[in-house]
$ cat input07.txt   # compact mmCIF, C-alpha atoms
# COMPACT_ATOMS: atom_id res chain seq x y z
CA MET U 569 21.07 -8.93 -18.99
CA THR U 570 18.78 -6.94 -16.70
CA PRO U 571 15.10 -7.58 -17.55
CA LEU U 572 13.21 -4.64 -18.99
CA HIS U 573 10.66 -4.23 -16.20
CA VAL U 574 11.69 -6.23 -13.11
CA ARG U 575 15.05 -4.51 -12.95
CA GLY U 576 16.88 -6.92 -10.73
CA ARG U 577 19.94 -9.00 -11.51
CA PRO U 578 20.55 -12.72 -11.11
CA GLY U 579 21.00 -13.35 -7.40
CA ASP U 580 18.63 -10.54 -6.36
CA VAL U 581 15.52 -12.72 -6.52
CA ALA U 582 15.10 -15.77 -4.29
CA PRO U 583 13.93 -19.12 -5.68
CA TYR U 584 10.68 -18.71 -3.71
CA VAL U 585 8.58 -15.66 -4.63
CA LEU U 586 5.29 -14.24 -3.36
CA LEU U 587 3.27 -12.37 -5.99
CA PRO U 588 0.85 -9.72 -4.72
CA GLY U 589 -0.72 -7.41 -7.26
CA ASP U 590 -0.53 -4.27 -5.15
CA PRO U 591 2.87 -2.58 -4.60
CA GLY U 592 1.69 -1.33 -1.22
CA ARG U 593 0.85 -4.87 -0.22
CA ALA U 594 4.24 -6.08 -1.43
CA GLN U 595 5.96 -3.57 0.80
CA TRP U 596 3.70 -4.43 3.76
CA ILE U 597 4.45 -8.15 3.35
CA ALA U 598 8.19 -7.49 3.14
CA GLU U 599 8.14 -5.31 6.26
CA HIS U 600 5.88 -7.55 8.37
CA PHE U 601 6.92 -11.07 7.36
CA LEU U 602 10.49 -11.01 6.04
CA GLU U 603 13.68 -10.54 8.02
CA ASN U 604 16.09 -7.93 6.64
CA PRO U 605 14.11 -7.22 3.46
CA LYS U 606 16.06 -5.38 0.77
CA PRO U 607 14.51 -3.77 -2.32
CA TYR U 608 15.88 -4.89 -5.67
CA THR U 609 13.51 -3.00 -8.01
CA THR U 610 11.17 -0.02 -7.90
CA TYR U 611 10.75 0.55 -11.64
CA ARG U 612 7.15 1.31 -12.69
CA SER U 613 6.14 0.67 -9.06
CA LEU U 614 6.68 -3.05 -9.60
CA LEU U 615 8.24 -3.15 -6.14
CA GLY U 616 10.37 -6.18 -5.35
CA PHE U 617 12.03 -7.16 -2.06
CA THR U 618 14.14 -10.09 -0.89
CA GLY U 619 14.60 -11.18 2.71
CA THR U 620 14.26 -14.36 4.72
CA TYR U 621 11.40 -16.19 6.44
CA LYS U 622 12.47 -18.68 9.12
CA GLY U 623 15.88 -18.61 7.49
CA LEU U 624 14.58 -19.33 3.98
CA PRO U 625 15.36 -16.71 1.30
CA VAL U 626 12.06 -15.36 -0.05
CA SER U 627 11.20 -12.55 -2.45
CA VAL U 628 7.96 -10.62 -2.75
CA GLN U 629 7.33 -9.13 -6.19
CA THR U 630 4.50 -6.87 -7.31
CA THR U 631 2.68 -8.01 -10.46
CA GLY U 632 0.30 -5.09 -10.97
CA MET U 633 -3.33 -5.69 -11.93
CA GLY U 634 -4.29 -8.13 -14.63
CA CYS U 635 -2.76 -10.86 -16.77
CA PRO U 636 -0.75 -8.65 -19.17
CA SER U 637 1.31 -7.15 -16.35
CA THR U 638 1.52 -10.47 -14.52
CA ALA U 639 2.79 -12.22 -17.63
CA ILE U 640 5.63 -9.71 -18.02
CA VAL U 641 6.64 -10.11 -14.38
CA VAL U 642 6.53 -13.91 -14.43
CA GLU U 643 8.56 -14.11 -17.64
CA GLU U 644 11.21 -11.82 -16.17
CA LEU U 645 11.28 -13.64 -12.83
CA ALA U 646 12.07 -16.79 -14.80
CA GLN U 647 15.06 -14.96 -16.29
CA LEU U 648 16.16 -13.98 -12.77
CA GLY U 649 16.12 -17.53 -11.44
CA ALA U 650 12.80 -17.78 -9.61
CA LYS U 651 11.61 -21.37 -9.17
CA VAL U 652 8.39 -21.35 -7.07
CA LEU U 653 5.81 -18.58 -7.42
CA VAL U 654 2.66 -18.14 -5.33
CA ARG U 655 0.11 -15.47 -6.04
CA VAL U 656 -1.15 -13.87 -2.83
CA GLY U 657 -4.08 -11.77 -3.96
CA THR U 658 -7.74 -11.01 -3.43
CA CYS U 659 -10.87 -12.36 -5.04
CA GLY U 660 -14.58 -11.82 -5.34
CA VAL U 661 -16.73 -14.86 -4.65
CA PHE U 662 -19.94 -16.11 -6.26
CA SER U 663 -21.68 -17.51 -3.18
CA GLU U 664 -22.73 -16.20 0.21
CA ALA U 665 -21.24 -19.39 1.64
CA LEU U 666 -17.74 -17.91 1.24
CA LYS U 667 -16.99 -14.91 3.43
CA ALA U 668 -14.05 -12.72 4.42
CA PRO U 669 -11.51 -13.36 5.85
CA GLU U 670 -11.74 -16.90 4.44
CA LEU U 671 -9.26 -18.05 1.82
CA VAL U 672 -9.58 -19.67 -1.59
CA VAL U 673 -6.79 -21.99 -2.77
CA ALA U 674 -6.93 -22.27 -6.55
CA GLN U 675 -7.18 -25.80 -7.91
CA ALA U 676 -7.48 -24.52 -11.50
CA SER U 677 -8.37 -21.33 -13.34
CA ILE U 678 -10.94 -20.84 -16.09
CA PRO U 679 -9.03 -18.52 -18.46
CA LEU U 680 -11.41 -15.76 -19.55
CA ASP U 681 -8.47 -13.41 -20.15
CA GLY U 682 -6.83 -12.29 -23.36
CA THR U 683 -3.21 -12.95 -22.35
CA THR U 684 -3.44 -16.73 -22.17
CA ARG U 685 -5.46 -16.70 -25.38
CA GLN U 686 -2.66 -14.82 -27.15
CA TYR U 687 0.06 -17.12 -25.74
CA LEU U 688 -1.90 -20.17 -26.86
CA GLY U 689 -3.06 -18.85 -30.22
CA GLY U 690 -6.62 -19.60 -29.15
CA LYS U 691 -5.96 -23.29 -28.45
CA PRO U 692 -7.92 -24.76 -25.51
CA TYR U 693 -5.93 -25.15 -22.32
CA ALA U 694 -6.55 -25.77 -18.62
CA PRO U 695 -4.32 -23.53 -16.46
CA VAL U 696 -3.59 -25.41 -13.23
CA PRO U 697 -1.11 -24.87 -10.39
CA ASP U 698 1.74 -27.21 -9.71
CA TYR U 699 0.38 -30.08 -7.63
CA ALA U 700 3.15 -29.92 -5.01
CA VAL U 701 2.46 -26.22 -4.47
CA LEU U 702 -1.28 -26.81 -4.26
CA GLU U 703 -0.76 -29.62 -1.77
CA GLN U 704 1.48 -27.50 0.44
CA LEU U 705 -0.86 -24.50 0.37
CA VAL U 706 -3.79 -26.65 1.45
CA GLY U 707 -1.67 -28.34 4.10
CA ALA U 708 -0.49 -25.02 5.51
CA ALA U 709 -4.04 -23.64 5.67
CA ARG U 710 -5.12 -26.75 7.56
CA ARG U 711 -2.21 -26.61 10.01
CA LEU U 712 -2.87 -22.95 10.70
CA ALA U 713 -6.61 -23.69 11.12
CA TYR U 714 -7.60 -20.94 8.67
CA PRO U 715 -11.02 -21.50 7.08
CA HIS U 716 -10.42 -22.08 3.38
CA HIS U 717 -11.95 -23.45 0.21
CA VAL U 718 -10.19 -25.38 -2.54
CA GLY U 719 -11.58 -25.23 -6.05
CA ILE U 720 -11.86 -23.64 -9.46
CA ILE U 721 -11.50 -19.90 -9.94
CA VAL U 722 -12.13 -17.62 -12.92
CA THR U 723 -9.46 -15.28 -14.27
CA GLU U 724 -10.77 -12.39 -16.34
CA ASP U 725 -9.72 -8.99 -17.65
CA ALA U 726 -12.61 -6.59 -17.14
CA PHE U 727 -13.27 -5.80 -13.49
CA TYR U 728 -16.33 -3.74 -14.40
CA SER U 729 -17.77 -6.03 -17.07
CA PRO U 730 -21.60 -6.33 -17.01
CA LEU U 731 -22.70 -9.13 -14.73
CA GLU U 732 -24.36 -11.01 -17.58
CA HIS U 733 -20.92 -11.33 -19.20
CA HIS U 734 -19.10 -11.94 -15.94
CA GLY U 735 -17.26 -15.03 -14.74
CA GLN U 736 -20.21 -15.60 -12.42
CA ALA U 737 -21.74 -17.50 -15.33
CA MET U 738 -19.22 -20.24 -14.49
CA ALA U 739 -20.50 -20.67 -10.92
CA PRO U 740 -22.97 -23.45 -11.89
CA PHE U 741 -19.94 -25.37 -13.20
CA GLY U 742 -18.09 -25.21 -9.90
CA ALA U 743 -16.27 -21.87 -10.02
CA LEU U 744 -15.87 -20.33 -6.57
CA ALA U 745 -14.37 -16.92 -7.22
CA ALA U 746 -13.06 -14.41 -9.74
CA GLU U 747 -9.71 -12.65 -9.94
CA MET U 748 -7.42 -11.23 -12.63
CA GLU U 749 -3.97 -12.88 -12.66
CA SER U 750 -3.76 -16.61 -11.96
CA SER U 751 -4.39 -18.14 -15.39
CA ALA U 752 -1.38 -16.37 -16.91
CA LEU U 753 0.75 -17.28 -13.89
CA PHE U 754 -0.14 -20.97 -14.14
CA LEU U 755 0.40 -21.12 -17.91
CA ILE U 756 3.73 -19.31 -18.03
CA ALA U 757 5.08 -21.19 -15.03
CA LYS U 758 4.43 -24.45 -16.90
CA MET U 759 6.09 -23.06 -20.03
CA ARG U 760 9.19 -21.82 -18.17
CA GLU U 761 9.57 -24.90 -15.92
CA MET U 762 8.64 -23.13 -12.70
CA LYS U 763 6.17 -24.20 -10.03
CA ALA U 764 3.20 -21.95 -9.26
CA GLY U 765 0.11 -21.71 -7.09
CA ALA U 766 -2.38 -19.18 -5.78
CA VAL U 767 -4.00 -18.49 -2.43
CA LEU U 768 -6.56 -15.69 -2.35
CA ALA U 769 -8.31 -13.67 0.33
CA VAL U 770 -12.05 -13.12 -0.07
CA VAL U 771 -12.86 -9.39 -0.23
CA ASN U 772 -16.40 -9.21 -1.64
CA LYS U 773 -19.24 -11.02 -3.35
CA VAL U 774 -19.17 -10.40 -7.09
CA GLY U 775 -21.65 -7.65 -7.87
CA ASP U 776 -21.48 -5.94 -4.47
CA ALA U 777 -21.00 -2.19 -4.56
CA GLN U 778 -18.11 -2.24 -2.09
CA PHE U 779 -15.47 -4.42 -0.53
CA VAL U 780 -15.83 -5.83 2.98
CA ALA U 781 -14.48 -3.92 5.99
CA PRO U 782 -10.76 -3.05 5.78
CA GLU U 783 -9.95 -5.01 8.92
CA LEU U 784 -11.38 -8.18 7.36
CA ILE U 785 -9.35 -7.62 4.20
CA GLN U 786 -6.19 -7.12 6.25
CA GLU U 787 -6.82 -10.28 8.21
CA GLY U 788 -7.31 -12.19 4.97
CA VAL U 789 -4.05 -10.78 3.60
CA ASN U 790 -2.25 -11.78 6.80
CA ARG U 791 -3.62 -15.32 6.60
CA MET U 792 -2.90 -15.92 2.93
CA THR U 793 0.65 -14.60 3.30
CA ARG U 794 1.32 -16.86 6.25
CA VAL U 795 -0.10 -19.84 4.37
CA ALA U 796 2.12 -19.19 1.35
CA LEU U 797 5.27 -18.70 3.43
CA GLU U 798 4.65 -21.84 5.48
CA ALA U 799 4.10 -23.74 2.22
CA PHE U 800 7.49 -22.50 0.99
CA VAL U 801 9.20 -23.72 4.16
CA GLN U 802 7.60 -27.14 3.84
CA MET U 803 8.57 -27.42 0.19
CA GLU U 804 12.16 -26.53 0.99
CA ASN U 805 12.24 -29.04 3.85
CA GLN U 806 11.00 -31.72 1.48
CA GLY U 807 13.50 -30.91 -1.23
CA GLY U 808 11.68 -28.23 -3.23
$ encode --input "input07.txt" --output "structure tokens"
Amino acid sequence: MTPLHVRGRPGDVAPYVLLPGDPGRAQWIAEHFLENPKPYTTYRSLLGFTGTYKGLPVSVQTTGMGCPSTAIVVEELAQLGAKVLVRVGTCGVFSEALKAPELVVAQASIPLDGTTRQYLGGKPYAPVPDYAVLEQLVGAARRLAYPHHVGIIVTEDAFYSPLEHHGQAMAPFGALAAEMESSALFLIAKMREMKAGAVLAVVNKVGDAQFVAPELIQEGVNRMTRVALEAFVQMENQGG
């Protein structure tokens, strides 16, 4: 049966999938990194494409913004046969020590979102990526010599929440950055027996009135995409 939102069919989606939030970014990744990309869904602007990278079938699938949309997409990708999912998104950081176009590889997510809370019925849980995916993302960033940081991130719902209620309160406990999708991705991947990870491009310091220069954002997007794709290739070479 065709899923309700990601309107592809079994066989349309590759086992390895990149997950950007932005449909424009999904299309840019497909056009600049994949060979012979073909669209398999455009419904609700959740653009999805499948092509190859160094001969490896790869899909890139838009999640939209936030955990509710991401959860729908991840659940439906599981129905379509996806096996390894990597979020390639942006983040705001809590320290001046992290700057664009540096990357953050998520070691775990503090779930300040409502979606994971609903899935779990309020039970405590620690959303973490699959270790093999984490290991390959870090290894790829090192091989490519891209400056990167590995650590805890915060996933939250309200982009414009007052700073006193913001995920920045978790910085003294080791949190590096905030974003809006990874906790749901990590949780649902565990539930549906998929592997997941996240590599994020720094685009601002939390609380700043604007993002960094567009060329720095684009360089960060280029780097995180390359890291994720190289991690896929290494995973496939080592048996998935």
$ axis_aligned_box --input "input07.txt" --around "region 708-718 of chain U" --padding-each-side "6 Å" --output "lines of an AutoDock Vina configuration file"
center_x = -6.2
center_y = -23.8
center_z = 4.3
size_x = 23.5
size_y = 17.8
size_z = 25.7
$ atom_distance --input "input07.txt" --atom1 "CA of Leu768 (chain U)" --atom2 "CA of Cys635 (chain U)"
15.7 Å
$ residues_around --input "input07.txt" --residues "region 752-761 of chain U" --least-positions-apart "6" --cutoff "6 Å" --atoms "only C-alpha atoms" --output "PyMOL selection string"
chain U and resi 635+639+684+695-697
$ residues_around --input "input07.txt" --residues "Val722 (chain U)" --least-positions-apart "5" --cutoff "7 Å" --atoms "all atoms listed in the file" --output "ChimeraX atom specification"
/U:677-680,735,743,745-747
$ residues_around --input "input07.txt" --residues "His717 (chain U)" --least-positions-apart "5" --cutoff "7 Å" --atoms "only C-alpha atoms" --output "PyMOL selection string"
chain U and resi 671-673
$ residues_around --input "input07.txt" --residues "Trp596 (chain U)" --least-positions-apart "2" --cutoff "12 Å" --atoms "only C-alpha atoms" --output "PyMOL selection string"
chain U and resi 588+590-594+598-602+605+615-617+628-630+786+789-790+793
$ residues_around --input "input07.txt" --residues "Pro571 (chain U)" --least-positions-apart "5" --cutoff "9 Å" --atoms "only C-alpha atoms" --output "PyMOL selection string"
chain U and resi 576-577+644-645+647-648
$ closest_residue --input "input07.txt" --among "U:Asn772, U:Gln686, U:Gln736, U:Thr610" --to "Arg575 (chain U)" --atoms "all atoms listed in the file"
U:Thr610
$ atom_distance --input "input07.txt" --atom1 "CA of Tyr621 (chain U)" --atom2 "CA of Leu586 (chain U)"
11.7 Å
$ decode --input "input07.txt" --residues "region 573-585 of chain U" --atoms "N, CA and C atoms" --output "mmCIF file, in the first residue's frame"
data_model
loop_
_atom_site.group_PDB
_atom_site.id
_atom_site.type_symbol
_atom_site.label_atom_id
_atom_site.label_comp_id
_atom_site.auth_asym_id
_atom_site.auth_seq_id
_atom_site.Cartn_x
_atom_site.Cartn_y
_atom_site.Cartn_z
ATOM 1 N N HIS U 573 1.669 9.904 2.985
ATOM 2 C CA HIS U 573 2.344 11.181 2.772
ATOM 3 C C HIS U 573 3.566 11.060 1.859
ATOM 4 N N VAL U 574 4.441 10.106 2.141
ATOM 5 C CA VAL U 574 5.588 9.840 1.265
ATOM 6 C C VAL U 574 5.087 8.888 0.192
ATOM 7 N N ARG U 575 4.577 9.427 -0.875
ATOM 8 C CA ARG U 575 3.807 8.622 -1.824
ATOM 9 C C ARG U 575 4.702 7.913 -2.853
ATOM 10 N N GLY U 576 5.626 7.135 -2.309
ATOM 11 C CA GLY U 576 6.399 6.239 -3.147
ATOM 12 C C GLY U 576 5.884 4.827 -2.981
ATOM 13 N N ARG U 577 6.480 3.918 -3.733
ATOM 14 C CA ARG U 577 6.136 2.499 -3.648
ATOM 15 C C ARG U 577 7.395 1.705 -3.300
ATOM 16 N N PRO U 578 7.222 0.522 -2.736
ATOM 17 C CA PRO U 578 8.397 -0.297 -2.463
ATOM 18 C C PRO U 578 9.286 -0.419 -3.696
ATOM 19 N N GLY U 579 10.565 -0.191 -3.511
ATOM 20 C CA GLY U 579 11.503 -0.171 -4.622
ATOM 21 C C GLY U 579 11.886 1.235 -5.050
ATOM 22 N N ASP U 580 11.033 2.234 -4.728
ATOM 23 C CA ASP U 580 11.358 3.619 -5.084
ATOM 24 C C ASP U 580 12.431 4.201 -4.182
ATOM 25 N N VAL U 581 12.444 3.778 -2.917
ATOM 26 C CA VAL U 581 13.335 4.355 -1.916
ATOM 27 C C VAL U 581 14.507 3.409 -1.684
ATOM 28 N N ALA U 582 15.712 3.954 -1.701
ATOM 29 C CA ALA U 582 16.919 3.157 -1.475
ATOM 30 C C ALA U 582 17.045 2.786 0.007
ATOM 31 N N PRO U 583 17.846 1.776 0.328
ATOM 32 C CA PRO U 583 18.079 1.455 1.733
ATOM 33 C C PRO U 583 18.736 2.590 2.508
ATOM 34 N N TYR U 584 19.573 3.382 1.832
ATOM 35 C CA TYR U 584 20.267 4.504 2.469
ATOM 36 C C TYR U 584 19.557 5.801 2.098
ATOM 37 N N VAL U 585 19.190 6.603 3.117
ATOM 38 C CA VAL U 585 18.391 7.798 2.876
ATOM 39 C C VAL U 585 18.957 8.988 3.653
#
